[in-house]
Amino acid sequence: MTRSVWTTLLLGTALAGVVPGAAHAQTAHELELEARLKALEAAVQDLRGELNAARATAVTTPAATPTTPPAALAATQQTAPTAGPGGPTAPTAVAEAKPTGKGAGPTDGFKVAGTTVKLNGFIKTWASVSRYSGGNIAPESVGRDFYYPSMTPVGGRNEGNSVEAHAKQTRIVLATETPLAGHSLKGLVELDFQVVPGTQGNQRVVNGYNPGLRRAFFTFDNWLFGQEWTTFQYIGALPETTDFIGPSEGTVFVRQAQVRYTRKLNDAFALSVAVENPETSSTNVASATIVENSDDRLPDVAARLNYKASFGELSLAGIGRKLTINTGTFKDNATGWGVSFAGKVPFGTAARSDLRFMVTHGVGIGRYVGLNLAPDAVYVPAAGAQLYMPSLTAGFAALKLGWTSKLRSTFMGSAQGIDYATAGTPVGASKSAWSASANLFYSPVEHVDLGIELRHAERKLVDGQVGKLDRGELAARYSF
């Protein structure tokens, strides 16, 4: 447009010089054009000022924070091992830390020097009424606190009865997570008041009991170091019960120090391999009392393959052991082994029901199964003595039926059979044990479970004597 204005001016000047008498009219037109040009230049200057001001504002004002996409938010969520309040805890359980607002940190747990700390567990009160066919269990014995197959009395002249109530199974779990670039470092310490042996408390006045260590370990990526459930055991198969364990004689049940490596093979399979604390439990032919020897030279080696599919979870585990006994006058060793197959298959509405099971067989694995109902080994302290290892077969099945979202039942059957060598059969030793139980749980509000359970159990000795137990249990648990 500026070029057109100058062209017009030049043309007007030329015409003024060529056509006399037209100069006055052309000068007036030029004045008009000059006025319009000045107005246009002023407008351009105003636009330039506004543009420079806008650029200065953009430099000094920070850009608006974009909304975090769901994928990025999920990547920043913190995880740490937590306890499953309804049963044994797993180190890989995840608790999400979700933002609650501007400037707010995770609401799940608290931070200490850069480490996220979480506290959970449950408070449990338990009561029972028991009747024994073969006499009473000794006072303050753990057999009064929960079902312990080897403590079912056999051979007593009179029946025994007892009423018990305690809160020893209350559990406290402390979990931690420390962020490391590209790595996962977590820890867990778990305590209750049931596992400490001996008479650290009594029922006469204050019922005070000492805390006992259940689990204490840390994990670094795929590695685990510390005391945890044995790799030979699949804890996901343990059923819901008012008892401390439930199908005790039929399940693998050990916690001990170990070094474990776990690797996820694909979306369905995960493999764990571990070296674990060894301890040979033995007896001799003259007595059924099982003792520890502490003569072991090699760790126990265990491996477990977990399979997870749409229909449920399965586990296949194996263990190898070198048993050693050295009494000074007698010294021998033997190789023990075992395999265990277990699983959990949910079904029904919202998967409220499930079937859980475990089958175990082996030689020289007594302390791993049924709370050491069978010894690992038997020796005869005589000339030409030899170390004998009994074989055992054990298993259980538990059917859980979810009647409603708040009401459910579990029906359990469990058994173990033990085979001794003819020359290595201890006097008074257990030959077999079995139990059957059923319960009903009601959860009136979230985090609170109320349960009632009935159990019948029998233990048979190698000489044919049988002891029976009938027990009714009540439990109330608040999980946090």
# chains A, B, ... in the order shown; residues from 1 in each chain; ligands from 1

call {"tool": "closest_atom_pairs", "arguments": {"of": "stretch 149-197 of chain A", "to": "stretch 424-431 of chain A", "cutoff": "12 Å", "atoms": "only C-alpha atoms", "output": "Markdown table"}}
result
| residue | atom | partner | partner_atom | distance |
| --- | --- | --- | --- | --- |
| A:Pro149 | CA | A:Ser430 | CA | 9.5 |
| A:Ser150 | CA | A:Ser430 | CA | 7.3 |
| A:Met151 | CA | A:Ser430 | CA | 10.3 |
| A:Thr152 | CA | A:Ser430 | CA | 10.4 |
| A:Pro153 | CA | A:Ser430 | CA | 11.2 |
| A:Val154 | CA | A:Gly428 | CA | 9.5 |
| A:Gly155 | CA | A:Gly428 | CA | 10.1 |

call {"tool": "write_last_selection", "arguments": {"atoms": "N, CA, C and O atoms", "output": "CSV table (one decimal), in the first residue's frame"}}
result
chain,number,residue,atom,x,y,z
A,149,PRO,N,-0.8,-80.8,65.4
A,149,PRO,CA,-1.1,-82.2,65.3
A,149,PRO,C,-0.4,-83.1,66.3
A,149,PRO,O,-0.9,-84.0,66.9
A,150,SER,N,0.9,-82.9,66.4
A,150,SER,CA,1.7,-83.8,67.3
A,150,SER,C,1.4,-83.7,68.8
A,150,SER,O,1.9,-84.5,69.6
A,151,MET,N,0.6,-82.6,69.2
A,151,MET,CA,0.3,-82.4,70.6
A,151,MET,C,-1.1,-82.9,70.9
A,151,MET,O,-1.6,-82.8,72.1
A,152,THR,N,-1.8,-83.6,70.0
A,152,THR,CA,-3.1,-84.2,70.3
A,152,THR,C,-2.8,-85.4,71.3
A,152,THR,O,-2.1,-86.3,70.9
A,153,PRO,N,-3.3,-85.3,72.5
A,153,PRO,CA,-3.0,-86.4,73.5
A,153,PRO,C,-3.4,-87.8,73.1
A,153,PRO,O,-4.5,-87.9,72.5
A,154,VAL,N,-2.6,-88.8,73.3
A,154,VAL,CA,-2.9,-90.2,73.0
A,154,VAL,C,-2.5,-91.0,74.2
A,154,VAL,O,-1.5,-90.8,74.8
A,155,GLY,N,-3.4,-91.9,74.6
A,155,GLY,CA,-3.1,-92.9,75.6
A,155,GLY,C,-3.5,-92.5,77.0
A,155,GLY,O,-3.3,-93.3,78.0

call {"tool": "select_by_dssp", "arguments": {"residues": "stretch 73-285 of chain A", "states": "helix (DSSP H, G or I)", "output": "JSON, numbers by chain"}}
result
{"A": [73, 74, 75, 76, 142, 143, 144, 145, 149, 150, 151, 235, 236, 237, 248, 249, 250]}

call {"tool": "write_last_selection", "arguments": {"atoms": "C-alpha atoms", "output": "PDB file, in the first residue's frame"}}
result
ATOM      1  CA  LEU A  73       0.952 -40.972  36.998  1.00  0.00           C
ATOM      2  CA  ALA A  74       1.026 -44.740  37.290  1.00  0.00           C
ATOM      3  CA  ALA A  75       4.770 -44.728  36.732  1.00  0.00           C
ATOM      4  CA  THR A  76       5.291 -42.369  39.688  1.00  0.00           C
ATOM      5  CA  VAL A 142       1.023 -73.997  72.057  1.00  0.00           C
ATOM      6  CA  GLY A 143      -1.286 -76.960  71.435  1.00  0.00           C
ATOM      7  CA  ARG A 144      -3.862 -75.084  73.494  1.00  0.00           C
ATOM      8  CA  ASP A 145      -3.458 -71.922  71.388  1.00  0.00           C
ATOM      9  CA  PRO A 149      -1.140 -82.232  65.334  1.00  0.00           C
ATOM     10  CA  SER A 150       1.726 -83.801  67.297  1.00  0.00           C
ATOM     11  CA  MET A 151       0.276 -82.422  70.563  1.00  0.00           C
ATOM     12  CA  ILE A 235       1.479 -69.637  50.922  1.00  0.00           C
ATOM     13  CA  GLY A 236      -1.291 -68.680  48.495  1.00  0.00           C
ATOM     14  CA  ALA A 237      -2.902 -72.071  49.133  1.00  0.00           C
ATOM     15  CA  SER A 248      -1.774 -78.101  59.875  1.00  0.00           C
ATOM     16  CA  GLU A 249      -0.817 -81.756  59.280  1.00  0.00           C
ATOM     17  CA  GLY A 250      -1.298 -81.482  55.504  1.00  0.00           C
TER      18      GLY A 250
END

call {"tool": "select_by_dssp", "arguments": {"residues": "stretch 257-362 of chain A", "states": "strand (DSSP E)", "output": "ChimeraX atom specification"}}
result
/A:257-264,269-276,281-284,287-292,300-309,312-326,331-347,353-362

call {"tool": "residues_around", "arguments": {"residues": "A:Ala270", "least_positions_apart": "6", "cutoff": "9 Å", "atoms": "only C-alpha atoms", "output": "list in words"}}
result
Thr262, Arg263, Lys264, Arg304, Leu305, Asn306, Tyr307 and Lys308 of chain A

call {"tool": "write_last_selection", "arguments": {"atoms": "C-alpha atoms", "output": "PDB file, in the first residue's frame"}}
result
ATOM      1  CA  THR A 262      13.146 -64.895  41.660  1.00  0.00           C
ATOM      2  CA  ARG A 263      12.811 -64.364  37.937  1.00  0.00           C
ATOM      3  CA  LYS A 264       9.662 -63.852  35.903  1.00  0.00           C
ATOM      4  CA  ARG A 304       9.447 -73.250  43.124  1.00  0.00           C
ATOM      5  CA  LEU A 305       7.761 -72.664  39.762  1.00  0.00           C
ATOM      6  CA  ASN A 306       4.576 -70.582  39.899  1.00  0.00           C
ATOM      7  CA  TYR A 307       2.036 -70.587  37.082  1.00  0.00           C
ATOM      8  CA  LYS A 308      -0.691 -67.955  36.836  1.00  0.00           C
TER       9      LYS A 308
END

call {"tool": "residues_around", "arguments": {"residues": "A:Thr404", "least_positions_apart": "4", "cutoff": "10 Å", "atoms": "only C-alpha atoms", "output": "ChimeraX atom specification"}}
result
/A:349,352,408,442

call {"tool": "write_last_selection", "arguments": {"atoms": "N, CA, C and O atoms", "output": "short mmCIF file (atom, residue, chain, number, x, y, z; two decimals), in the first residue's frame"}}
result
data_model
loop_
_atom_site.label_atom_id
_atom_site.label_comp_id
_atom_site.auth_asym_id
_atom_site.auth_seq_id
_atom_site.Cartn_x
_atom_site.Cartn_y
_atom_site.Cartn_z
N THR A 349 -19.54 -65.99 41.69
CA THR A 349 -19.81 -64.56 41.54
C THR A 349 -18.67 -63.73 42.10
O THR A 349 -18.30 -63.88 43.26
N ARG A 352 -15.78 -64.90 44.54
CA ARG A 352 -15.84 -64.94 46.00
C ARG A 352 -15.56 -66.34 46.54
O ARG A 352 -15.25 -66.49 47.73
N ARG A 408 -19.22 -65.84 54.33
CA ARG A 408 -18.50 -66.88 53.60
C ARG A 408 -18.18 -68.05 54.53
O ARG A 408 -18.12 -67.88 55.75
N TYR A 442 -18.11 -63.69 59.01
CA TYR A 442 -19.00 -62.57 58.71
C TYR A 442 -18.21 -61.28 58.88
O TYR A 442 -17.49 -61.09 59.88
#

call {"tool": "closest_residue", "arguments": {"among": "A:Gln386, A:Gln233, A:Gln416, A:Ser432", "to": "A:Leu314", "atoms": "only C-alpha atoms"}}
result
A:Gln233

call {"tool": "closest_residue", "arguments": {"among": "A:Thr170, A:Ser281, A:Asn161, A:Ser353", "to": "A:Lys124", "atoms": "only C-alpha atoms"}}
result
A:Thr170

call {"tool": "decode", "arguments": {"residues": "stretch 450-470 of chain A", "atoms": "N, CA, C and O atoms", "output": "compact mmCIF listing (two decimals), in the first residue's frame"}}
result
# COMPACT_ATOMS: atom_id res chain seq x y z
N LEU A 450 -15.48 -61.61 61.75
CA LEU A 450 -15.92 -62.42 62.88
C LEU A 450 -16.10 -63.85 62.39
O LEU A 450 -16.76 -64.07 61.37
N GLY A 451 -15.51 -64.83 63.11
CA GLY A 451 -15.56 -66.20 62.62
C GLY A 451 -15.86 -67.21 63.71
O GLY A 451 -15.51 -67.02 64.88
N ILE A 452 -16.46 -68.31 63.30
CA ILE A 452 -16.71 -69.46 64.17
C ILE A 452 -16.29 -70.71 63.40
O ILE A 452 -16.53 -70.80 62.20
N GLU A 453 -15.65 -71.67 64.09
CA GLU A 453 -15.12 -72.85 63.40
C GLU A 453 -15.21 -74.08 64.29
O GLU A 453 -14.98 -74.00 65.51
N LEU A 454 -15.53 -75.22 63.67
CA LEU A 454 -15.58 -76.50 64.37
C LEU A 454 -14.55 -77.43 63.75
O LEU A 454 -14.41 -77.48 62.52
N ARG A 455 -13.83 -78.19 64.60
CA ARG A 455 -12.77 -79.07 64.10
C ARG A 455 -12.81 -80.41 64.83
O ARG A 455 -13.00 -80.46 66.05
N HIS A 456 -12.58 -81.48 64.06
CA HIS A 456 -12.34 -82.81 64.63
C HIS A 456 -11.02 -83.30 64.08
O HIS A 456 -10.75 -83.20 62.87
N ALA A 457 -10.17 -83.84 64.97
CA ALA A 457 -8.84 -84.30 64.55
C ALA A 457 -8.49 -85.58 65.27
O ALA A 457 -8.95 -85.84 66.40
N GLU A 458 -7.66 -86.41 64.62
CA GLU A 458 -7.19 -87.66 65.21
C GLU A 458 -5.71 -87.86 64.90
O GLU A 458 -5.24 -87.50 63.82
N ARG A 459 -5.00 -88.39 65.89
CA ARG A 459 -3.59 -88.76 65.70
C ARG A 459 -3.41 -90.22 66.08
O ARG A 459 -3.86 -90.65 67.14
N LYS A 460 -2.74 -90.98 65.22
CA LYS A 460 -2.52 -92.40 65.44
C LYS A 460 -1.03 -92.69 65.60
O LYS A 460 -0.21 -92.18 64.85
N LEU A 461 -0.69 -93.51 66.58
CA LEU A 461 0.70 -93.87 66.84
C LEU A 461 1.06 -95.16 66.10
O LEU A 461 0.18 -95.88 65.60
N VAL A 462 2.37 -95.46 66.03
CA VAL A 462 2.82 -96.67 65.34
C VAL A 462 2.33 -97.93 66.02
O VAL A 462 2.25 -99.01 65.39
N ASP A 463 1.97 -97.85 67.32
CA ASP A 463 1.46 -99.03 68.03
C ASP A 463 -0.05 -99.16 67.91
O ASP A 463 -0.65 -100.05 68.52
N GLY A 464 -0.71 -98.27 67.14
CA GLY A 464 -2.14 -98.38 66.90
C GLY A 464 -3.01 -97.52 67.79
O GLY A 464 -4.22 -97.41 67.54
N GLN A 465 -2.50 -96.92 68.84
CA GLN A 465 -3.31 -96.08 69.71
C GLN A 465 -3.72 -94.80 68.98
O GLN A 465 -2.97 -94.26 68.17
N VAL A 466 -4.93 -94.32 69.32
CA VAL A 466 -5.48 -93.14 68.66
C VAL A 466 -5.94 -92.13 69.69
O VAL A 466 -6.59 -92.48 70.69
N GLY A 467 -5.60 -90.87 69.46
CA GLY A 467 -6.10 -89.76 70.28
C GLY A 467 -6.97 -88.86 69.43
O GLY A 467 -6.67 -88.61 68.25
N LYS A 468 -8.05 -88.35 70.04
CA LYS A 468 -9.01 -87.53 69.29
C LYS A 468 -9.15 -86.14 69.92
O LYS A 468 -9.04 -85.99 71.13
N LEU A 469 -9.40 -85.19 69.06
CA LEU A 469 -9.61 -83.80 69.49
C LEU A 469 -10.87 -83.26 68.85
O LEU A 469 -11.07 -83.39 67.63
N ASP A 470 -11.73 -82.64 69.65
CA ASP A 470 -12.89 -81.89 69.16
C ASP A 470 -12.79 -80.48 69.70
O ASP A 470 -12.61 -80.29 70.92
